[in-house]
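upload36.cif follows; it contains mmCIF, C-alpha atoms and all ligand atoms.
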```cif
data_run
loop_
_atom_site.label_atom_id
_atom_site.label_comp_id
_atom_site.auth_asym_id
_atom_site.auth_seq_id
_atom_site.Cartn_x
_atom_site.Cartn_y
_atom_site.Cartn_z
CA MET A 1 -7.64 -5.23 26.28
CA THR A 2 -5.42 -4.34 29.23
CA ALA A 3 -5.71 -0.92 30.79
CA GLY A 4 -1.95 -0.40 30.55
CA LEU A 5 0.54 0.84 33.09
CA PRO A 6 0.12 4.20 34.81
CA ILE A 7 1.78 7.02 32.89
CA THR A 8 4.44 8.54 35.09
CA ALA A 9 6.73 10.79 33.01
CA LEU A 10 5.06 14.08 32.14
CA PRO A 11 7.21 16.74 30.45
CA THR A 12 7.68 20.28 31.59
CA GLU A 13 7.84 21.40 27.96
CA PRO A 14 7.35 19.65 24.61
CA PHE A 15 10.38 18.22 22.88
CA VAL A 16 10.40 18.96 19.15
CA TYR A 17 12.40 16.46 17.16
CA ASP A 18 14.07 18.28 14.25
CA TYR A 19 13.53 15.97 11.28
CA PRO A 20 15.78 16.72 8.25
CA GLY A 21 12.74 16.67 5.95
CA ALA A 22 11.64 19.94 7.54
CA HIS A 23 14.65 21.58 5.87
CA ASP A 24 14.50 19.78 2.51
CA ALA A 25 10.90 19.64 1.33
CA VAL A 26 11.79 18.22 -2.10
CA THR A 27 13.69 15.17 -0.78
CA TYR A 28 11.11 14.64 1.95
CA GLU A 29 8.33 14.60 -0.65
CA LEU A 30 10.31 12.10 -2.71
CA GLU A 31 10.69 9.89 0.35
CA ASN A 32 6.97 9.85 1.03
CA ARG A 33 6.34 8.90 -2.61
CA ILE A 34 8.79 5.98 -2.65
CA ALA A 35 8.18 4.61 0.87
CA ASP A 36 5.26 2.17 1.19
CA PRO A 37 4.08 2.94 -2.38
CA ASP A 38 1.19 0.47 -2.22
CA ALA A 39 -0.13 2.03 1.02
CA ARG A 40 0.07 -1.19 3.04
CA ILE A 41 0.05 0.78 6.29
CA GLU A 42 -3.26 2.39 5.36
CA ALA A 43 -4.67 -1.02 4.38
CA PHE A 44 -3.62 -2.40 7.77
CA MET A 45 -5.27 0.55 9.55
CA ASP A 46 -8.47 -0.09 7.63
CA ARG A 47 -8.55 -3.63 8.94
CA LEU A 48 -8.47 -2.24 12.50
CA LEU A 49 -11.15 0.42 11.92
CA PRO A 50 -12.08 1.73 8.46
CA MET A 51 -11.28 5.40 8.12
CA ASP A 52 -14.31 6.33 6.02
CA GLY A 53 -16.42 8.96 7.73
CA ARG A 54 -14.25 8.99 10.89
CA VAL A 55 -12.48 11.79 12.70
CA VAL A 56 -8.72 11.24 12.43
CA ALA A 57 -5.79 12.91 14.20
CA ASP A 58 -2.43 12.66 12.41
CA VAL A 59 0.12 13.41 15.11
CA GLY A 60 3.50 14.60 13.86
CA ALA A 61 1.85 15.11 10.48
CA GLY A 62 4.97 16.59 8.90
CA GLY A 63 4.29 18.03 5.44
CA GLY A 64 0.80 16.52 5.39
CA PHE A 65 1.37 13.81 2.75
CA HIS A 66 -0.78 11.34 4.69
CA ALA A 67 -3.20 13.85 6.20
CA VAL A 68 -4.48 14.92 2.77
CA ARG A 69 -4.79 11.28 1.68
CA TYR A 70 -6.82 10.50 4.77
CA ALA A 71 -9.03 13.56 4.20
CA GLN A 72 -10.26 11.98 0.97
CA ARG A 73 -12.15 9.42 3.07
CA ALA A 74 -12.33 10.70 6.64
CA ALA A 75 -15.01 13.06 7.95
CA HIS A 76 -12.26 15.32 9.28
CA VAL A 77 -8.48 15.19 9.81
CA PHE A 78 -6.64 17.13 12.50
CA ALA A 79 -3.01 17.47 11.41
CA VAL A 80 -0.98 17.98 14.60
CA GLU A 81 2.52 19.32 14.01
CA PRO A 82 4.83 21.51 16.14
CA ALA A 83 7.79 22.32 13.83
CA PRO A 84 7.46 25.71 12.07
CA LYS A 85 9.08 24.58 8.78
CA MET A 86 6.86 21.50 8.67
CA LEU A 87 3.84 23.64 9.38
CA ALA A 88 4.77 25.78 6.36
CA GLN A 89 4.93 22.64 4.16
CA LEU A 90 1.63 21.45 5.60
CA HIS A 91 -0.17 24.72 4.90
CA ARG A 92 1.24 24.85 1.34
CA ARG A 93 0.01 21.32 0.62
CA ILE A 94 -3.47 21.92 1.98
CA ALA A 95 -3.78 25.17 0.01
CA ALA A 96 -3.08 23.21 -3.19
CA GLU A 97 -5.88 20.70 -2.50
CA PRO A 98 -9.43 21.05 -3.89
CA GLY A 99 -11.66 23.05 -1.57
CA GLU A 100 -13.73 20.11 -0.34
CA ILE A 101 -10.60 18.24 0.79
CA ALA A 102 -8.97 21.32 2.35
CA ALA A 103 -12.16 22.01 4.30
CA ARG A 104 -11.84 18.63 5.96
CA ILE A 105 -8.33 19.31 7.36
CA SER A 106 -7.49 21.43 10.39
CA VAL A 107 -3.87 22.19 11.24
CA LEU A 108 -3.04 22.23 14.94
CA ALA A 109 0.33 23.79 15.74
CA ALA A 110 1.11 21.59 18.73
CA GLY A 111 3.18 18.68 19.95
CA ALA A 112 1.87 15.22 20.76
CA GLU A 113 2.26 15.94 24.46
CA ALA A 114 -0.47 18.61 24.53
CA ILE A 115 -3.03 18.45 21.72
CA PRO A 116 -5.63 21.23 21.70
CA LEU A 117 -8.64 18.96 21.19
CA PRO A 118 -11.38 18.02 23.64
CA GLY A 119 -11.41 14.60 25.27
CA GLU A 120 -12.94 11.71 23.32
CA SER A 121 -13.20 13.77 20.11
CA VAL A 122 -11.24 11.53 17.71
CA ASP A 123 -11.95 8.06 16.28
CA ILE A 124 -8.46 7.22 15.00
CA LEU A 125 -5.13 8.65 16.12
CA HIS A 126 -2.35 7.88 13.63
CA SER A 127 1.27 8.81 14.16
CA ARG A 128 3.78 7.76 11.53
CA LEU A 129 7.48 7.73 12.37
CA ALA A 130 6.91 10.59 14.78
CA TYR A 131 6.69 9.00 18.20
CA PHE A 132 10.00 9.83 19.74
CA PHE A 133 9.82 13.03 21.65
CA GLY A 134 12.82 12.93 23.91
CA PRO A 135 16.55 12.49 23.59
CA ALA A 136 17.50 9.39 21.58
CA SER A 137 19.00 7.85 24.71
CA ASP A 138 15.51 7.85 26.22
CA ARG A 139 13.56 7.10 23.07
CA VAL A 140 11.26 4.57 24.69
CA ARG A 141 10.04 6.33 27.81
CA SER A 142 9.86 9.69 26.06
CA CYS A 143 6.71 8.49 24.29
CA GLU A 144 4.71 8.38 27.50
CA PRO A 145 3.28 11.94 27.53
CA GLY A 146 2.06 11.43 23.97
CA ILE A 147 0.36 8.17 24.94
CA ALA A 148 -1.48 9.87 27.80
CA GLU A 149 -2.69 12.56 25.40
CA ALA A 150 -3.74 9.98 22.79
CA LEU A 151 -5.79 8.11 25.40
CA ARG A 152 -7.44 11.39 26.38
CA ILE A 153 -8.53 12.55 22.90
CA VAL A 154 -9.53 9.19 21.37
CA ARG A 155 -13.07 8.12 22.11
CA PRO A 156 -13.80 4.72 23.70
CA GLY A 157 -13.80 2.12 20.94
CA GLY A 158 -11.48 4.21 18.78
CA ARG A 159 -7.98 3.19 17.73
CA ILE A 160 -4.46 4.48 18.36
CA VAL A 161 -1.98 3.50 15.63
CA ILE A 162 1.71 4.24 16.10
CA VAL A 163 3.84 3.44 13.04
CA ASP A 164 7.52 2.79 13.71
CA ASN A 165 10.31 1.09 11.80
CA ASP A 166 10.67 -2.62 12.38
CA LEU A 167 14.23 -3.16 13.64
CA ARG A 168 14.27 -6.92 13.03
CA GLU A 169 12.90 -7.64 9.56
CA GLY A 170 13.50 -6.30 6.06
CA ASP A 171 16.42 -4.49 4.45
CA PHE A 172 15.67 -1.15 6.10
CA ALA A 173 16.11 -2.73 9.54
CA THR A 174 19.64 -3.76 8.61
CA PHE A 175 20.39 -0.19 7.45
CA LEU A 176 19.10 1.20 10.75
CA ARG A 177 21.16 -1.26 12.74
CA ASP A 178 24.35 -0.98 10.65
CA PHE A 179 24.35 2.79 10.05
CA GLY A 180 22.35 4.13 13.01
CA PRO A 181 22.14 3.72 16.77
CA ASP A 182 19.35 1.11 16.69
CA ASP A 183 19.88 -2.52 17.63
CA LEU A 184 17.91 -5.67 18.33
CA ALA A 185 17.88 -4.92 22.07
CA LEU A 186 15.96 -1.71 21.31
CA ALA A 187 13.47 -3.72 19.26
CA ASP A 188 12.75 -5.83 22.34
CA ARG A 189 12.55 -2.79 24.61
CA LEU A 190 10.10 -1.07 22.27
CA ASP A 191 7.85 -4.13 22.10
CA GLN A 192 7.91 -4.49 25.88
CA PHE A 193 7.21 -0.78 26.39
CA TRP A 194 4.19 -0.65 24.06
CA SER A 195 2.87 -3.95 25.35
CA ALA A 196 3.01 -2.60 28.91
CA HIS A 197 0.79 0.27 27.73
CA GLY A 198 -1.77 -2.08 26.19
CA PHE A 199 -0.55 -1.98 22.57
CA THR A 200 -0.16 -4.92 20.20
CA GLY A 201 2.83 -4.86 17.86
CA THR A 202 2.27 -6.04 14.29
CA THR A 203 4.91 -6.15 11.54
CA VAL A 204 3.72 -4.97 8.13
CA MET A 205 6.13 -5.77 5.32
CA SER A 206 6.36 -3.14 2.62
CA GLU A 207 9.05 -1.67 0.41
CA TRP A 208 10.68 1.44 -0.97
CA ARG A 209 10.28 1.69 -4.75
CA ALA A 210 12.12 4.62 -6.29
CA PRO A 211 12.01 5.92 -9.88
CA SER A 212 15.83 5.64 -10.07
CA ARG A 213 18.90 4.78 -8.00
CA LYS A 214 19.75 8.47 -8.00
CA ALA A 215 16.43 9.30 -6.36
CA LEU A 216 16.89 6.48 -3.87
CA GLY A 217 20.39 7.68 -3.02
CA ARG A 218 19.15 11.22 -2.46
CA VAL A 219 16.56 10.08 0.08
CA LEU A 220 18.94 7.66 1.79
CA ALA A 221 21.48 10.49 2.11
CA MET A 222 18.90 12.64 3.86
CA GLU A 223 18.14 9.84 6.30
CA PHE A 224 21.60 8.36 6.88
CA GLY A 225 24.14 10.87 5.50
CA GLU A 226 26.12 10.64 2.23
CA PRO A 227 28.74 7.99 3.20
CA ALA A 228 26.15 5.60 4.60
CA ALA A 229 23.85 6.17 1.61
CA ALA A 230 26.69 5.23 -0.76
CA ALA A 231 27.40 2.09 1.25
CA ILE A 232 23.71 1.14 1.36
CA LEU A 233 23.38 1.55 -2.42
CA THR A 234 26.11 -1.06 -2.92
CA ARG A 235 23.82 -3.56 -1.13
CA ILE A 236 20.81 -2.87 -3.37
CA ASP A 237 20.02 -4.12 -6.87
CA GLY A 238 17.91 -1.65 -8.80
CA ALA A 239 15.94 0.99 -6.91
CA ARG A 240 13.86 -0.92 -4.38
CA PHE A 241 14.32 -2.75 -1.10
CA ARG A 242 12.16 -4.27 1.63
CA HIS A 243 11.03 -2.05 4.48
CA ALA A 244 9.12 -3.56 7.40
CA TYR A 245 7.09 -1.33 9.68
CA ARG A 246 6.34 -2.16 13.30
CA ILE A 247 2.85 -0.89 14.01
CA TYR A 248 1.78 -0.55 17.64
CA HIS A 249 -1.98 -0.34 17.96
CA ARG A 250 -4.65 -0.51 20.59
CA GLN A 251 -8.30 0.12 21.10
CA ARG A 252 -9.14 2.95 23.47
C1 LIG B 1 9.98 11.56 10.55
S1 LIG B 1 8.86 12.92 10.49
C2 LIG B 1 7.36 12.09 9.99
C3 LIG B 1 6.31 13.04 9.48
C4 LIG B 1 5.06 12.39 8.90
N1 LIG B 1 4.34 11.61 9.89
C5 LIG B 1 5.39 11.56 7.69
O1 LIG B 1 5.25 10.32 7.77
O2 LIG B 1 5.76 12.13 6.66
C6 LIG B 1 8.58 13.26 12.23
C7 LIG B 1 7.62 14.40 12.45
O3 LIG B 1 7.35 14.53 13.87
C8 LIG B 1 7.33 15.91 14.16
N2 LIG B 1 7.55 16.11 15.60
C9 LIG B 1 8.68 16.44 16.24
N3 LIG B 1 8.49 16.59 17.54
C10 LIG B 1 7.16 16.34 17.76
C11 LIG B 1 6.33 16.36 18.91
N4 LIG B 1 6.80 16.65 20.11
N5 LIG B 1 5.02 16.08 18.74
C12 LIG B 1 4.52 15.78 17.52
N6 LIG B 1 5.27 15.75 16.39
C13 LIG B 1 6.57 16.02 16.52
C14 LIG B 1 8.43 16.48 13.29
O4 LIG B 1 8.38 17.88 13.15
C15 LIG B 1 8.15 15.75 11.99
O5 LIG B 1 7.17 16.40 11.23
#
```
Re-express the file's structure as structure tokens.
Amino acid sequence: MTAGLPITALPTEPFVYDYPGAHDAVTYELENRIADPDARIEAFMDRLLPMDGRVVADVGAGGGFHAVRYAQRAAHVFAVEPAPKMLAQLHRRIAAEPGEIAARISVLAAGAEAIPLPGESVDILHSRLAYFFGPASDRVRSCEPGIAEALRIVRPGGRIVIVDNDLREGDFATFLRDFGPDDLALADRLDQFWSAHGFTGTTVMSEWRAPSRKALGRVLAMEFGEPAAAAILTRIDGARFRHAYRIYHRQR
């Protein structure tokens, strides 16, 4: 495992990315239910280091959909989240869990750039679709402060798992490229960036499986806007499509 490049860009203050799901808890919940319904990301993580009995940090935990899942098997989960409306969703979800699960989750109101945990206190750091902390124009380098913090809090032998969208494979990649700012050149830049920091990129093919086209359209509209969602729906038969994730992972 390479030691990675020196981290050079440290922020003066955290950048909080304002995800639309913070403002629409119902559609955001629907998205988490239809995206990766067979939990292939979790299965991939288990092949790296099984989560059972481990201490996990979920960075950019959002409404806590994954944090409470992980707390069913982990010894403890630290849900790290800076956005106030997401924190409200997170607290609501944990309060609705059985006591023994809730007791295994701690909410940390913080950004990835400065996590209030001691060094080498976490076995697995997971961050799902939450590793872009700067302006979109600087999406790649803006991850660096978070990487430095991940390397600080994860114990030697532990794993860092950054889940991003794959921009090359699957239907979702074509939506991102055709209706968003992403392109194949960014896919190459992201791979090169994470590789330079000692991460391996692995593509995990999954899918979105919605209960109806209406539900699918609602979530797509939150992600891409109404006109793009309508255009995307014309490309899809039924209520499912292929979504590949690009997972950047490394051992600490
Ligand atoms: C696309 S959402 C993903 C949330 C969650 N991981 C999930 O899969 O449902 C991105 C999350 O990153 C959070 N976020 C924004 N800026 C952040 C920062 N500087 N550090 C950590 N998380 C951040 C957002 O508030 C939001 O909850």
query: Can I get the residues close to ligand LIG 1 (chain B) as JSON, numbers by chain, where close means within 7 Å and we count only C-alpha atoms and all ligand atoms?
result: {"A": [14, 15, 16, 17, 18, 19, 22, 32, 59, 60, 61, 62, 63, 64, 65, 66, 80, 81, 82, 83, 86, 110, 111, 112, 113, 127, 128, 129, 130, 133]}
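The gap separating atom CA of Tyr28 of chain A from atom CA of His76 of chain A is 24.5 Å, in Å to one decimal.
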field: Non-local contacts of Glu149 of chain A (12 Å; all atoms listed in the file; under 2 positions in same chain excluded) as number ranges by chain
entry: A: 7, 10-11, 57, 59, 110-122, 125, 143-147, 151-155, 160, 252
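Considering the residues A:Val77, A:His126, A:Arg246, A:Phe199 and counting only C-alpha atoms, Ala103 of chain A has its shortest atom-to-atom contact with A:Val77.
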- request: May I have the residues within 7 Å of Arg242 of chain A as a ChimeraX atom specification, using all atoms listed in the file and disregarding those fewer than 6 positions away in the same chain?
  value: /A:170-172,206-208
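With atom CA of Glu100 of chain A on one side and atom CA of Val56 of chain A on the other, the separation reads 16.3 Å.
Rounded to one decimal, atom CA of Leu216 of chain A and atom CA of Gly238 of chain A lie 9.6 Å from each other.
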query: Between A:Asp58, A:Thr202, A:Asp24, A:Pro227, which one has atoms that come closest to Gln89 of chain A, using all atoms listed in the file?
result: A:Asp24
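Using all atoms listed in the file, the shortest contact distance between Arg240 of chain A and any of A:Ala185, A:Val163, A:Leu176, A:Ile34 is found at A:Ile34.
Minimum distance to Arg218 of chain A across A:Leu30, A:Leu186, A:Ala102, A:Ala173 (counting only C-alpha atoms) occurs at A:Leu30.
Distance annotation: of A:Ala79, A:Phe179, A:Arg213, A:Phe241, the residue with the minimal separation from Gly225 of chain A is A:Phe179; atom set is only C-alpha atoms.
The nearest approach to Pro20 of chain A among the residues A:Tyr248, A:Met205, A:Lys85, A:Asp191, with all atoms listed in the file taken into account, belongs to A:Lys85.
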- request: Can you pull out every residue within 10 Å of Arg54 of chain A, counting all atoms listed in the file, but drop anything in the same chain fewer than 6 positions away, and send it as number ranges by chain?
  value: A: 70-71, 73-77, 122-124, 158
